[in-house]
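coords.tsv, holding TSV, C-alpha atoms:
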chain	number	residue	atom	x	y	z
A	1	MET	CA	36.43	98.89	42.08
A	2	ARG	CA	34.81	95.74	41.50
A	3	TRP	CA	34.44	92.98	43.96
A	4	LEU	CA	35.45	89.50	43.96
A	5	CYS	CA	35.37	86.36	45.87
A	6	PHE	CA	37.24	85.82	49.16
A	7	LEU	CA	36.76	83.85	52.33
A	8	SER	CA	35.03	85.46	55.15
A	9	LEU	CA	36.61	86.44	58.39
A	10	LEU	CA	35.68	88.95	60.95
A	11	PHE	CA	38.37	90.26	63.19
A	12	VAL	CA	38.18	90.68	66.92
A	13	THR	CA	38.68	94.27	67.95
A	14	VAL	CA	41.16	93.27	70.65
A	15	GLY	CA	44.27	91.90	68.97
A	16	LEU	CA	42.60	92.16	65.53
A	17	ALA	CA	42.70	88.39	65.11
A	18	ALA	CA	40.86	87.18	62.01
A	19	ILE	CA	38.38	84.35	62.32
A	20	ALA	CA	36.52	82.62	59.50
A	21	GLN	CA	32.87	83.50	59.06
A	22	ASP	CA	30.10	82.27	56.81
A	23	GLN	CA	28.32	85.63	56.74
A	24	SER	CA	29.07	88.46	54.33
A	25	VAL	CA	31.52	90.94	55.87
A	26	LYS	CA	29.78	93.80	54.06
A	27	PRO	CA	26.30	92.93	52.68
A	28	GLY	CA	25.32	94.84	49.57
A	29	ILE	CA	28.84	95.90	48.65
A	30	ASN	CA	28.44	94.24	45.23
A	31	ASP	CA	24.82	95.12	44.44
A	32	SER	CA	25.93	97.56	41.76
A	33	PHE	CA	27.67	94.74	39.90
A	34	LYS	CA	24.63	92.51	39.50
A	35	ASN	CA	23.88	94.20	36.18
A	36	PRO	CA	26.58	96.85	35.67
A	37	ASP	CA	26.54	99.43	32.89
A	38	VAL	CA	29.85	98.55	31.23
A	39	ALA	CA	30.22	101.85	29.39
A	40	LYS	CA	29.68	103.77	32.62
A	41	TYR	CA	32.19	101.70	34.59
A	42	GLN	CA	34.73	101.83	31.78
A	43	LYS	CA	34.81	105.61	32.16
A	44	THR	CA	35.26	105.18	35.91
A	45	PHE	CA	37.77	102.33	35.90
A	46	GLU	CA	39.78	103.62	32.95
A	47	GLY	CA	39.74	107.34	33.73
A	48	GLU	CA	42.73	109.60	34.19
A	49	SER	CA	41.56	110.53	37.69
A	50	ARG	CA	42.08	106.95	38.84
A	51	GLU	CA	45.51	106.25	40.23
A	52	VAL	CA	45.71	102.58	39.26
A	53	TYR	CA	44.75	103.44	35.68
A	54	VAL	CA	47.37	106.17	35.29
A	55	ASN	CA	50.01	103.78	36.69
A	56	ARG	CA	48.63	100.60	35.10
A	57	GLU	CA	51.76	99.81	33.07
A	58	LYS	CA	54.03	100.41	36.07
A	59	LEU	CA	51.80	98.16	38.19
A	60	VAL	CA	52.02	95.30	35.70
A	61	ALA	CA	55.78	95.78	35.39
A	62	ALA	CA	56.09	95.60	39.18
A	63	CYS	CA	54.39	92.19	39.13
A	64	GLY	CA	57.51	90.61	37.63
A	65	ILE	CA	55.63	88.67	34.98
A	66	LYS	CA	57.59	86.45	32.60
A	67	PRO	CA	56.52	85.02	29.22
A	68	GLY	CA	54.66	81.74	29.60
A	69	MET	CA	53.22	82.50	33.03
A	70	ILE	CA	49.57	81.91	33.91
A	71	VAL	CA	48.00	84.95	35.58
A	72	ALA	CA	44.55	85.44	37.11
A	73	ASP	CA	43.22	89.01	37.14
A	74	ILE	CA	40.80	88.74	40.06
A	75	GLY	CA	38.00	91.28	39.79
A	76	ALA	CA	39.00	92.05	36.21
A	77	GLY	CA	36.20	94.56	35.64
A	78	THR	CA	36.51	96.07	32.17
A	79	GLY	CA	39.83	94.31	31.53
A	80	MET	CA	42.21	97.23	32.07
A	81	HIS	CA	44.95	95.09	33.59
A	82	THR	CA	43.90	91.91	31.78
A	83	ARG	CA	44.96	93.34	28.42
A	84	LEU	CA	48.38	94.31	29.76
A	85	PHE	CA	48.85	90.91	31.38
A	86	SER	CA	48.02	89.31	28.02
A	87	LYS	CA	50.94	91.12	26.42
A	88	ALA	CA	53.28	90.36	29.33
A	89	VAL	CA	52.73	86.58	29.39
A	90	GLY	CA	53.01	86.27	25.62
A	91	THR	CA	51.56	83.66	23.31
A	92	ASP	CA	52.74	80.81	25.52
A	93	GLY	CA	51.09	82.27	28.61
A	94	GLN	CA	47.49	82.49	29.77
A	95	VAL	CA	45.38	85.12	31.52
A	96	TYR	CA	42.18	84.35	33.40
A	97	ALA	CA	39.92	87.41	33.61
A	98	VAL	CA	37.85	86.56	36.69
A	99	ASP	CA	34.80	88.54	37.79
A	100	ILE	CA	31.38	88.07	39.39
A	101	ALA	CA	29.64	90.38	36.90
A	102	THR	CA	28.36	88.69	33.73
A	103	ASN	CA	28.43	91.99	31.83
A	104	PHE	CA	32.13	92.50	32.59
A	105	VAL	CA	33.01	88.93	31.63
A	106	GLU	CA	31.18	89.22	28.31
A	107	HIS	CA	32.78	92.61	27.64
A	108	ILE	CA	36.25	91.15	28.14
A	109	ARG	CA	35.37	88.16	25.96
A	110	LYS	CA	34.26	90.38	23.06
A	111	THR	CA	37.00	92.99	23.30
A	112	SER	CA	39.82	90.49	23.70
A	113	ARG	CA	38.67	88.50	20.69
A	114	ALA	CA	38.28	91.70	18.66
A	115	ALA	CA	41.83	92.68	19.60
A	116	GLY	CA	43.16	89.24	18.71
A	117	LEU	CA	44.20	88.46	22.29
A	118	LYS	CA	43.84	84.70	22.16
A	119	ASN	CA	45.50	84.01	25.52
A	120	ILE	CA	42.68	85.55	27.60
A	121	THR	CA	40.03	83.31	29.18
A	122	PRO	CA	37.13	85.14	30.86
A	123	VAL	CA	35.79	83.36	33.95
A	124	LEU	CA	32.46	84.15	35.63
A	125	CYS	CA	33.01	83.19	39.26
A	126	ASN	CA	30.90	82.98	42.40
A	127	GLU	CA	30.83	85.54	45.20
A	128	ASP	CA	32.99	83.37	47.44
A	129	ALA	CA	35.38	81.54	45.09
A	130	VAL	CA	37.47	82.30	42.02
A	131	ASP	CA	36.49	78.99	40.39
A	132	LEU	CA	39.92	78.16	38.96
A	133	PRO	CA	41.56	74.71	38.86
A	134	ALA	CA	43.87	73.70	41.70
A	135	ASN	CA	47.59	74.45	41.20
A	136	SER	CA	46.89	76.17	37.87
A	137	ILE	CA	48.15	79.76	38.18
A	138	ASP	CA	51.49	81.46	38.83
A	139	LEU	CA	50.05	84.79	39.95
A	140	ALA	CA	46.74	86.04	41.33
A	141	PHE	CA	46.37	89.82	41.04
A	142	THR	CA	43.70	92.11	42.48
A	143	SER	CA	43.46	95.87	42.04
A	144	ASP	CA	40.98	97.95	44.08
A	145	THR	CA	39.09	94.70	44.50
A	146	TYR	CA	39.87	93.22	47.90
A	147	HIS	CA	37.51	95.60	49.69
A	148	HIS	CA	34.72	94.15	47.52
A	149	PHE	CA	35.31	90.59	48.74
A	150	GLU	CA	32.16	89.74	50.64
A	151	PHE	CA	33.56	86.45	51.90
A	152	PRO	CA	37.31	87.08	52.20
A	153	GLN	CA	38.35	83.82	53.84
A	154	ARG	CA	36.43	81.51	51.51
A	155	THR	CA	37.70	83.32	48.43
A	156	LEU	CA	41.26	83.49	49.72
A	157	ALA	CA	41.10	79.72	50.23
A	158	SER	CA	40.04	79.28	46.60
A	159	ILE	CA	42.94	81.47	45.45
A	160	HIS	CA	45.33	79.50	47.66
A	161	ARG	CA	44.13	76.28	45.99
A	162	ALA	CA	44.42	77.76	42.50
A	163	LEU	CA	48.01	78.96	42.96
A	164	LYS	CA	50.93	76.71	42.12
A	165	PRO	CA	53.25	75.84	45.05
A	166	ASP	CA	55.53	78.80	44.24
A	167	GLY	CA	52.65	81.06	43.19
A	168	ARG	CA	52.13	84.64	44.36
A	169	LEU	CA	49.18	86.82	45.33
A	170	ILE	CA	49.45	90.58	44.72
A	171	VAL	CA	46.93	92.90	46.33
A	172	VAL	CA	46.50	96.55	45.38
A	173	ASP	CA	43.90	98.45	47.41
A	174	PHE	CA	43.13	101.76	49.05
A	175	HIS	CA	44.91	103.10	52.10
A	176	ARG	CA	42.23	103.56	54.76
A	177	ILE	CA	43.59	105.91	57.41
A	178	ALA	CA	41.33	107.87	59.74
A	179	GLY	CA	41.94	111.61	59.51
A	180	LYS	CA	43.88	111.20	56.26
A	181	SER	CA	41.79	109.18	53.77
A	182	SER	CA	38.79	110.71	52.01
A	183	ASP	CA	35.28	110.32	53.39
A	184	TRP	CA	34.46	108.11	50.40
A	185	THR	CA	37.29	105.74	51.26
A	186	LEU	CA	36.44	105.65	54.96
A	187	ASN	CA	32.79	104.86	54.20
A	188	HIS	CA	33.33	102.50	51.27
A	189	VAL	CA	36.50	100.54	52.08
A	190	ARG	CA	35.95	98.00	54.87
A	191	VAL	CA	39.39	97.84	56.50
A	192	GLY	CA	42.88	99.22	56.11
A	193	GLN	CA	46.13	97.57	55.03
A	194	GLU	CA	47.05	96.18	58.45
A	195	ILE	CA	43.83	94.18	58.77
A	196	VAL	CA	43.95	93.09	55.12
A	197	GLU	CA	47.42	91.64	55.66
A	198	LYS	CA	46.26	89.80	58.78
A	199	GLU	CA	43.29	88.33	56.94
A	200	ILE	CA	45.45	87.14	54.06
A	201	ALA	CA	48.06	85.69	56.43
A	202	SER	CA	45.35	83.74	58.25
A	203	ALA	CA	44.43	82.13	54.91
A	204	GLY	CA	47.86	80.54	54.50
A	205	PHE	CA	49.83	83.31	52.78
A	206	LYS	CA	53.11	84.97	53.75
A	207	LYS	CA	53.95	88.60	52.99
A	208	THR	CA	57.16	88.68	50.97
A	209	ASP	CA	57.32	92.20	49.58
A	210	GLU	CA	55.67	95.61	49.41
A	211	VAL	CA	56.05	97.96	46.45
A	212	LYS	CA	56.32	101.48	47.80
A	213	ASP	CA	56.71	104.92	46.16
A	214	LEU	CA	54.65	103.78	43.16
A	215	LEU	CA	51.18	104.69	44.39
A	216	LYS	CA	49.89	107.38	46.71
A	217	ASP	CA	46.29	106.43	47.49
A	218	ASN	CA	46.86	102.68	47.22
A	219	TYR	CA	49.28	100.11	48.60
A	220	MET	CA	50.73	97.13	46.70
A	221	VAL	CA	51.63	94.04	48.71
A	222	VAL	CA	53.05	90.71	47.49
A	223	PHE	CA	52.30	87.39	49.21
A	224	SER	CA	53.61	83.88	48.65
A	225	LYS	CA	51.65	80.67	49.01
A	226	SER	CA	52.75	79.27	52.36
A	227	LYS	CA	52.52	75.64	53.30
A	228	PRO	CA	48.91	74.90	54.33
A	229	VAL	CA	48.30	74.29	58.01
A	230	GLU	CA	48.51	70.56	58.57
A	231	GLN	CA	45.11	69.10	59.29
A	232	PRO	CA	44.51	66.25	61.76
A	233	LYS	CA	44.72	62.85	60.15
A	234	GLN	CA	41.42	61.30	59.22
A	235	PRO	CA	40.44	58.06	60.92
A	236	LYS	CA	41.28	54.92	59.02
A	237	THR	CA	37.58	54.14	58.77
A	238	GLU	CA	37.02	56.82	56.09
A	239	PRO	CA	35.02	55.69	53.02
A	240	SER	CA	36.84	54.07	50.14
A	241	PRO	CA	37.06	55.96	46.83
A	242	LEU	CA	34.54	54.87	44.23
A	243	SER	CA	33.57	55.63	40.64
A	244	SER	CA	30.09	54.23	40.14
A	245	VAL	CA	28.83	56.16	37.09
A	246	VAL	CA	32.06	56.27	35.08
A	247	PRO	CA	33.82	53.07	36.19
A	248	GLY	CA	37.58	53.35	36.54
A	249	TYR	CA	37.76	57.14	36.34
A	250	GLY	CA	37.23	60.16	38.57
A	251	LEU	CA	37.42	58.39	41.93
A	252	VAL	CA	35.46	60.13	44.67
A	253	VAL	CA	34.79	59.64	48.37
A	254	PRO	CA	31.14	59.80	49.52
A	255	LEU	CA	30.60	62.63	52.03
A	256	PRO	CA	26.89	62.45	52.89
A	257	LYS	CA	27.19	65.26	55.45
A	258	GLY	CA	29.37	67.50	53.30
A	259	ALA	CA	28.17	70.96	52.28
A	260	GLU	CA	27.43	72.00	48.68
A	261	PRO	CA	26.72	68.58	47.13
A	262	PRO	CA	25.87	68.31	43.41
A	263	ALA	CA	22.37	69.62	42.70
A	264	LYS	CA	19.79	68.36	40.24
A	265	GLY	CA	19.36	70.43	37.10
A	266	ARG	CA	22.83	71.99	37.10
A	267	LYS	CA	24.46	72.78	33.74
A	268	VAL	CA	28.25	72.65	33.34
A	269	VAL	CA	30.60	73.16	30.40
A	270	PHE	CA	34.20	71.94	30.74
A	271	ASP	CA	36.63	73.98	28.61
A	272	ILE	CA	39.56	71.66	27.82
A	273	THR	CA	42.54	73.10	25.96
A	274	SER	CA	45.53	70.91	26.79
A	275	THR	CA	46.48	67.25	26.74
A	276	GLY	CA	49.57	67.81	28.81
A	277	LYS	CA	53.08	67.10	27.54
A	278	ASP	CA	52.69	63.36	27.04
A	279	PRO	CA	50.24	62.21	24.31
A	280	ALA	CA	50.45	58.72	25.81
A	281	LYS	CA	48.65	59.91	28.93
A	282	ARG	CA	44.90	60.37	29.32
A	283	LEU	CA	43.46	63.87	28.94
A	284	PRO	CA	43.32	65.13	32.57
A	285	GLY	CA	40.32	67.41	32.02
A	286	LEU	CA	38.12	64.45	31.10
A	287	ASP	CA	38.75	62.92	34.53
A	288	ARG	CA	37.26	66.06	36.08
A	289	VAL	CA	34.08	65.42	34.10
A	290	ALA	CA	33.98	61.86	35.42
A	291	THR	CA	34.54	63.18	38.95
A	292	LEU	CA	31.49	65.44	38.72
A	293	LEU	CA	29.26	62.60	37.53
A	294	ASN	CA	30.53	60.23	40.22
A	295	LEU	CA	29.98	62.89	42.89
A	296	ALA	CA	26.42	63.33	41.66
A	297	ALA	CA	25.86	59.61	42.08
A	298	THR	CA	26.95	59.78	45.74
A	299	SER	CA	24.14	62.33	46.24
A	300	GLY	CA	21.56	60.03	44.70
A	301	LEU	CA	21.47	61.76	41.31
A	302	LYS	CA	21.41	60.11	37.91
A	303	PRO	CA	23.63	61.31	35.03
A	304	THR	CA	20.51	62.66	33.34
A	305	ASP	CA	19.91	64.94	36.33
A	306	LEU	CA	22.85	67.05	35.12
A	307	ASP	CA	23.51	68.66	31.75
A	308	VAL	CA	27.24	68.29	31.07
A	309	ALA	CA	29.14	69.46	28.00
A	310	VAL	CA	32.82	69.30	27.02
A	311	VAL	CA	34.55	71.57	24.50
A	312	LEU	CA	37.92	70.42	23.17
A	313	HIS	CA	40.31	72.87	21.50
A	314	GLY	CA	43.96	73.86	21.39
A	315	GLU	CA	46.21	70.85	22.00
A	316	ALA	CA	43.19	68.91	23.28
A	317	THR	CA	41.85	68.87	19.69
A	318	LEU	CA	43.83	65.67	19.04
A	319	THR	CA	41.70	63.84	21.60
A	320	ALA	CA	38.71	64.21	19.28
A	321	LEU	CA	40.35	61.97	16.66
A	322	ASP	CA	39.43	58.33	16.23
A	323	ASP	CA	41.87	55.72	17.51
A	324	GLU	CA	43.62	55.15	14.19
A	325	ALA	CA	44.03	58.84	13.36
A	326	TYR	CA	45.32	59.60	16.86
A	327	LYS	CA	47.99	56.91	16.60
A	328	SER	CA	49.08	57.96	13.12
A	329	THR	CA	49.34	61.59	14.31
A	330	THR	CA	51.02	61.09	17.68
A	331	GLY	CA	52.54	57.64	17.44
A	332	GLN	CA	50.65	56.67	20.60
A	333	THR	CA	47.57	54.57	21.34
A	334	HIS	CA	44.60	56.83	22.12
A	335	PRO	CA	44.74	57.07	25.96
A	336	SER	CA	41.27	58.61	26.40
A	337	SER	CA	39.34	56.31	24.08
A	338	ASP	CA	37.64	54.27	26.81
A	339	LEU	CA	36.83	57.32	28.94
A	340	LEU	CA	35.29	59.18	25.99
A	341	ALA	CA	33.04	56.20	25.28
A	342	LYS	CA	31.92	55.98	28.91
A	343	LEU	CA	31.21	59.70	29.18
A	344	THR	CA	29.11	59.82	26.05
A	345	LYS	CA	27.27	56.68	27.18
A	346	VAL	CA	25.96	58.55	30.24
A	347	GLY	CA	24.91	61.59	28.22
A	348	VAL	CA	27.91	63.93	28.23
A	349	LYS	CA	27.97	66.08	25.07
A	350	ILE	CA	31.50	66.26	23.69
A	351	MET	CA	32.43	68.87	21.07
A	352	VAL	CA	35.60	69.88	19.26
A	353	CYS	CA	36.53	73.28	17.86
A	354	GLY	CA	36.31	73.34	14.05
A	355	GLN	CA	38.81	76.20	13.91
A	356	SER	CA	41.37	74.14	15.84
A	357	LEU	CA	40.89	71.22	13.43
A	358	GLU	CA	41.59	73.53	10.51
A	359	ARG	CA	44.60	75.21	12.12
A	360	LYS	CA	46.14	71.83	12.92
A	361	THR	CA	45.22	70.51	9.45
A	362	LEU	CA	43.38	67.57	10.97
A	363	ASP	CA	40.86	65.70	8.85
A	364	ALA	CA	37.35	66.39	10.17
A	365	LYS	CA	36.28	63.03	8.77
A	366	ARG	CA	38.60	61.34	11.29
A	367	VAL	CA	36.84	62.87	14.29
A	368	ARG	CA	35.24	60.24	16.53
A	369	PRO	CA	31.51	59.69	15.82
A	370	VAL	CA	30.66	60.56	19.45
A	371	VAL	CA	32.28	64.01	19.11
A	372	GLY	CA	30.40	66.88	17.49
A	373	ILE	CA	32.22	69.57	15.49
A	374	VAL	CA	31.32	73.15	16.42
A	375	VAL	CA	32.17	76.34	14.54
A	376	SER	CA	34.63	77.33	17.27
A	377	ALA	CA	35.32	76.78	20.96
A	378	VAL	CA	34.73	80.48	21.59
A	379	THR	CA	31.21	80.48	20.17
A	380	ALA	CA	30.32	77.13	21.73
A	381	VAL	CA	31.39	78.16	25.24
A	382	ASN	CA	29.79	81.58	24.85
A	383	ASN	CA	26.49	80.10	23.67
A	384	LEU	CA	26.44	77.53	26.45
A	385	GLN	CA	27.16	80.14	29.11
A	386	SER	CA	24.32	82.30	27.79
A	387	ARG	CA	22.06	79.27	28.26
A	388	GLY	CA	23.01	78.96	31.91
A	389	PHE	CA	25.99	76.60	31.78
A	390	ALA	CA	28.60	77.16	34.50
A	391	TYR	CA	32.09	77.52	33.04
A	392	VAL	CA	34.83	75.16	34.29
A	393	PRO	CA	38.32	75.58	32.78
A	394	ALA	CA	40.12	72.23	32.71
A	395	GLN	CA	43.50	72.87	31.13
A	396	ASN	CA	45.45	70.20	32.96
What would the structure in this file look like if it were written as structure tokens?
Amino acid sequence: MRWLCFLSLLFVTVGLAAIAQDQSVKPGINDSFKNPDVAKYQKTFEGESREVYVNREKLVAACGIKPGMIVADIGAGTGMHTRLFSKAVGTDGQVYAVDIATNFVEHIRKTSRAAGLKNITPVLCNEDAVDLPANSIDLAFTSDTYHHFEFPQRTLASIHRALKPDGRLIVVDFHRIAGKSSDWTLNHVRVGQEIVEKEIASAGFKKTDEVKDLLKDNYMVVFSKSKPVEQPKQPKTEPSPLSSVVPGYGLVVPLPKGAEPPAKGRKVVFDITSTGKDPAKRLPGLDRVATLLNLAATSGLKPTDLDVAVVLHGEATLTALDDEAYKSTTGQTHPSSDLLAKLTKVGVKIMVCGQSLERKTLDAKRVRPVVGIVVSAVTAVNNLQSRGFAYVPAQN
């Protein structure tokens, strides 16, 4: 039992129709995860008395995971399922271990590195969003977590955005049946399966399957990402896209009345691990950095009002090379050269993983002067997060 992030919706008692809400559906449900005792919860989450732990391998097998898939373990807790997902997706796959508890995220980071599981990326998310890139994951999985979503509809919307067009959401949670479920379940779990399915359906998902006869105290339901409800067309008088701080990149539309604008003093680290399949194309993750800076400008902020860092590793390591070295290595003109110069000009700190340089046998002397070499991406991201930087994965 952990929590997670999911859009809020209260249901009307007549008809049980779900409607989006801004308020928490169960205030205080996640108080115990503000500073959790990892050792204590590991005994609870990974104990033989817990049904989802005893059947953990069967649960993962029922998810139908294939090598190379990208999976998000939502409400990862101590990483019980995360470790199994890591094995299932293989070296070409990726697992995001998403949780709202810093202690759990750091525990997964340390244990996965110690176990040599290099395809796991821990993500510290907010209470109402999973904080994953749009169209980036094949599967979102939650186990005994949905009932900890304080804002179900907002979080479900973030999962819907993060899933690829053919992506799936799998929810495992407690049966809540009056007269049958335990007192603990009736008092702790907010709603039963019927209401959960209605809430998820109202967020743009379609139930496609239910795995039965595997669990007794829990249900396991599979949802697909349905086509989003078509929104009314915006008037033609909408503002034109602009890119004032980083000219030519990261186009944004000013929304002066929009909620959650960029705030002064925020710290952000962009974790960029992929250049995509075509070395002739610009590194997509860098455009996200430009977008943030341009959005800040629409709110009246200067680039110096934010502290922005970029860590390049994996295939993105090549982007750190100077123009000549990039061309001799890839046969292509450096597509991100101009953008890198503009980002560093406005104060963005760009770093490259020294371990990746070594593994790819790239000459550290050919790294661009504006790019700093760090011991490793893991230590750099970890250190930055400990200093208050929000983590933003930007793989594609």
- Record the distance separating atom CA of A:Gly79 and atom CA of A:Pro122, expressed in Å with one decimal.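 About the pair atom CA of A:Gly79 and atom CA of A:Pro122: they are 9.6 Å apart.
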- Item | Residues near stretch 263-277 of chain A, cut-off 6 Å, all atoms listed in the file, skip fewer than 3 positions along chain, as a PyMOL selection string | chain A and resi 283+305-316+389-395
Write the residues of the selection above to a file with C-alpha atoms, as a compact mmCIF listing (two decimals), in the coordinates of the input.
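Saved as part29.txt:
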# COMPACT_ATOMS: atom_id res chain seq x y z
CA LEU A 283 43.46 63.87 28.94
CA ASP A 305 19.91 64.94 36.33
CA LEU A 306 22.85 67.05 35.12
CA ASP A 307 23.51 68.66 31.75
CA VAL A 308 27.24 68.29 31.07
CA ALA A 309 29.14 69.46 28.00
CA VAL A 310 32.82 69.30 27.02
CA VAL A 311 34.55 71.57 24.50
CA LEU A 312 37.92 70.42 23.17
CA HIS A 313 40.31 72.87 21.50
CA GLY A 314 43.96 73.86 21.39
CA GLU A 315 46.21 70.85 22.00
CA ALA A 316 43.19 68.91 23.28
CA PHE A 389 25.99 76.60 31.78
CA ALA A 390 28.60 77.16 34.50
CA TYR A 391 32.09 77.52 33.04
CA VAL A 392 34.83 75.16 34.29
CA PRO A 393 38.32 75.58 32.78
CA ALA A 394 40.12 72.23 32.71
CA GLN A 395 43.50 72.87 31.13
Contact residues around stretch 85-98 of chain A with only C-alpha atoms at 10 Å, ignoring same-chain residues under 6 positions, as a PDB file with C-alpha atoms, keeping the file's coordinate frame:
ATOM      1  CA  LEU A   4      35.450  89.500  43.960  1.00  0.00           C
ATOM      2  CA  CYS A   5      35.370  86.360  45.870  1.00  0.00           C
ATOM      3  CA  GLU A  57      51.760  99.810  33.070  1.00  0.00           C
ATOM      4  CA  VAL A  60      52.020  95.300  35.700  1.00  0.00           C
ATOM      5  CA  ALA A  61      55.780  95.780  35.390  1.00  0.00           C
ATOM      6  CA  CYS A  63      54.390  92.190  39.130  1.00  0.00           C
ATOM      7  CA  GLY A  64      57.510  90.610  37.630  1.00  0.00           C
ATOM      8  CA  ILE A  65      55.630  88.670  34.980  1.00  0.00           C
ATOM      9  CA  LYS A  66      57.590  86.450  32.600  1.00  0.00           C
ATOM     10  CA  PRO A  67      56.520  85.020  29.220  1.00  0.00           C
ATOM     11  CA  GLY A  68      54.660  81.740  29.600  1.00  0.00           C
ATOM     12  CA  MET A  69      53.220  82.500  33.030  1.00  0.00           C
ATOM     13  CA  ILE A  70      49.570  81.910  33.910  1.00  0.00           C
ATOM     14  CA  VAL A  71      48.000  84.950  35.580  1.00  0.00           C
ATOM     15  CA  ALA A  72      44.550  85.440  37.110  1.00  0.00           C
ATOM     16  CA  ASP A  73      43.220  89.010  37.140  1.00  0.00           C
ATOM     17  CA  ILE A  74      40.800  88.740  40.060  1.00  0.00           C
ATOM     18  CA  GLY A  75      38.000  91.280  39.790  1.00  0.00           C
ATOM     19  CA  ALA A  76      39.000  92.050  36.210  1.00  0.00           C
ATOM     20  CA  GLY A  77      36.200  94.560  35.640  1.00  0.00           C
ATOM     21  CA  THR A  78      36.510  96.070  32.170  1.00  0.00           C
ATOM     22  CA  GLY A  79      39.830  94.310  31.530  1.00  0.00           C
ATOM     23  CA  PHE A 104      32.130  92.500  32.590  1.00  0.00           C
ATOM     24  CA  VAL A 105      33.010  88.930  31.630  1.00  0.00           C
ATOM     25  CA  ILE A 108      36.250  91.150  28.140  1.00  0.00           C
ATOM     26  CA  ARG A 109      35.370  88.160  25.960  1.00  0.00           C
ATOM     27  CA  SER A 112      39.820  90.490  23.700  1.00  0.00           C
ATOM     28  CA  LEU A 117      44.200  88.460  22.290  1.00  0.00           C
ATOM     29  CA  LYS A 118      43.840  84.700  22.160  1.00  0.00           C
ATOM     30  CA  ASN A 119      45.500  84.010  25.520  1.00  0.00           C
ATOM     31  CA  ILE A 120      42.680  85.550  27.600  1.00  0.00           C
ATOM     32  CA  THR A 121      40.030  83.310  29.180  1.00  0.00           C
ATOM     33  CA  PRO A 122      37.130  85.140  30.860  1.00  0.00           C
ATOM     34  CA  VAL A 123      35.790  83.360  33.950  1.00  0.00           C
ATOM     35  CA  LEU A 124      32.460  84.150  35.630  1.00  0.00           C
ATOM     36  CA  CYS A 125      33.010  83.190  39.260  1.00  0.00           C
ATOM     37  CA  ASN A 126      30.900  82.980  42.400  1.00  0.00           C
ATOM     38  CA  VAL A 130      37.470  82.300  42.020  1.00  0.00           C
ATOM     39  CA  ASP A 131      36.490  78.990  40.390  1.00  0.00           C
ATOM     40  CA  LEU A 132      39.920  78.160  38.960  1.00  0.00           C
ATOM     41  CA  ILE A 137      48.150  79.760  38.180  1.00  0.00           C
ATOM     42  CA  ASP A 138      51.490  81.460  38.830  1.00  0.00           C
ATOM     43  CA  LEU A 139      50.050  84.790  39.950  1.00  0.00           C
ATOM     44  CA  ALA A 140      46.740  86.040  41.330  1.00  0.00           C
ATOM     45  CA  THR A 142      43.700  92.110  42.480  1.00  0.00           C
ATOM     46  CA  PRO A 393      38.320  75.580  32.780  1.00  0.00           C
TER      47      PRO A 393
END
Stretch 213-216 of chain A environment, 8 Å, all atoms listed in the file, sequence neighbours closer than 5 positions dropped, as a PDB file with C-alpha atoms, in the frame of the given file:
ATOM      1  CA  GLU A  51      45.510 106.250  40.230  1.00  0.00           C
ATOM      2  CA  VAL A  52      45.710 102.580  39.260  1.00  0.00           C
ATOM      3  CA  ASN A  55      50.010 103.780  36.690  1.00  0.00           C
ATOM      4  CA  LYS A  58      54.030 100.410  36.070  1.00  0.00           C
TER       5      LYS A  58
END
- Message: Show me, as a list in words, the residues that have an atom within 12 Å of stretch 180-187 of chain A when counting only C-alpha atoms, minus same-chain residues fewer than 4 positions from it.
- Response: Met1, Lys26, Ile29, Asp144, His147, Asp173, Phe174, His175, Arg176, Val191, Gly192, Lys216, Asp217 and Asn218 of chain A
- Query: What is the atom CA of A:Pro247 to atom CA of A:Met351 distance in Å?
  - Reply: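 Interatomic distance here is 21.9 Å.
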- Could you tell me how far atom CA of A:Lys345 lies from atom CA of A:Ala280, in Å and to one decimal? 23.3 Å
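The shell of residues at most 6 Å from stretch 374-378 of chain A, with all atoms listed in the file counted and near chain neighbours (fewer than 5 positions) removed, consists of Cys353, Gly354 and Gln355 of chain A.
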Using the file's own x, y and z axes, what box holds all listed atoms of stretch 29-47 of chain A with 3 Å on each side, keeping edges along x, y and z, and what are its centre and edge lengths in Å to one decimal, as JSON?
{"center_x": 31.8, "center_y": 99.9, "center_z": 39.0, "size_x": 21.9, "size_y": 20.8, "size_z": 25.3}
- Task: Show me as a list in words the residues that reach within 9 Å of (30.2, 63.0, 39.9), counting all atoms listed in the file and using the file's own coordinates.
- Result: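 Applying the cut-off with all atoms listed in the file, one gets Ser243, Ser244, Val245, Val246, Gly250, Leu251, Val252, Pro262, Arg288, Val289, Ala290, Thr291, Leu292, Leu293, Asn294, Leu295, Ala296, Ala297, Thr298, Ser299, Leu301 and Pro303 of chain A.
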- Message: When you count only C-alpha atoms, which of these residues is closest to A:Glu194: A:Ser143, A:Val221, A:His148, A:Ala259?
- Response: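 Of the candidates, the smallest distance to A:Glu194 is held by A:Val221.
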Under the rule of at most 10 Å, produce a per-residue listing of stretch 232-320 of chain A near stretch 361-364 of chain A: chain, number, name, the closest pair of atoms, and the distance in Å, as a tab-separated table, using all atoms listed in the file.
residue	atom	partner	partner_atom	distance
A:Thr317	CA	A:Leu362	CA	8.9
A:Leu318	CA	A:Leu362	CA	8.3
A:Ala320	CA	A:Ala364	CA	9.5
Any chance you could export the current selection's C-alpha atoms as a PDB file, in the frame of the given file?
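Everything below was put into selection.pdb:
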ATOM      1  CA  THR A 317      41.850  68.870  19.690  1.00  0.00           C
ATOM      2  CA  LEU A 318      43.830  65.670  19.040  1.00  0.00           C
ATOM      3  CA  ALA A 320      38.710  64.210  19.280  1.00  0.00           C
TER       4      ALA A 320
END
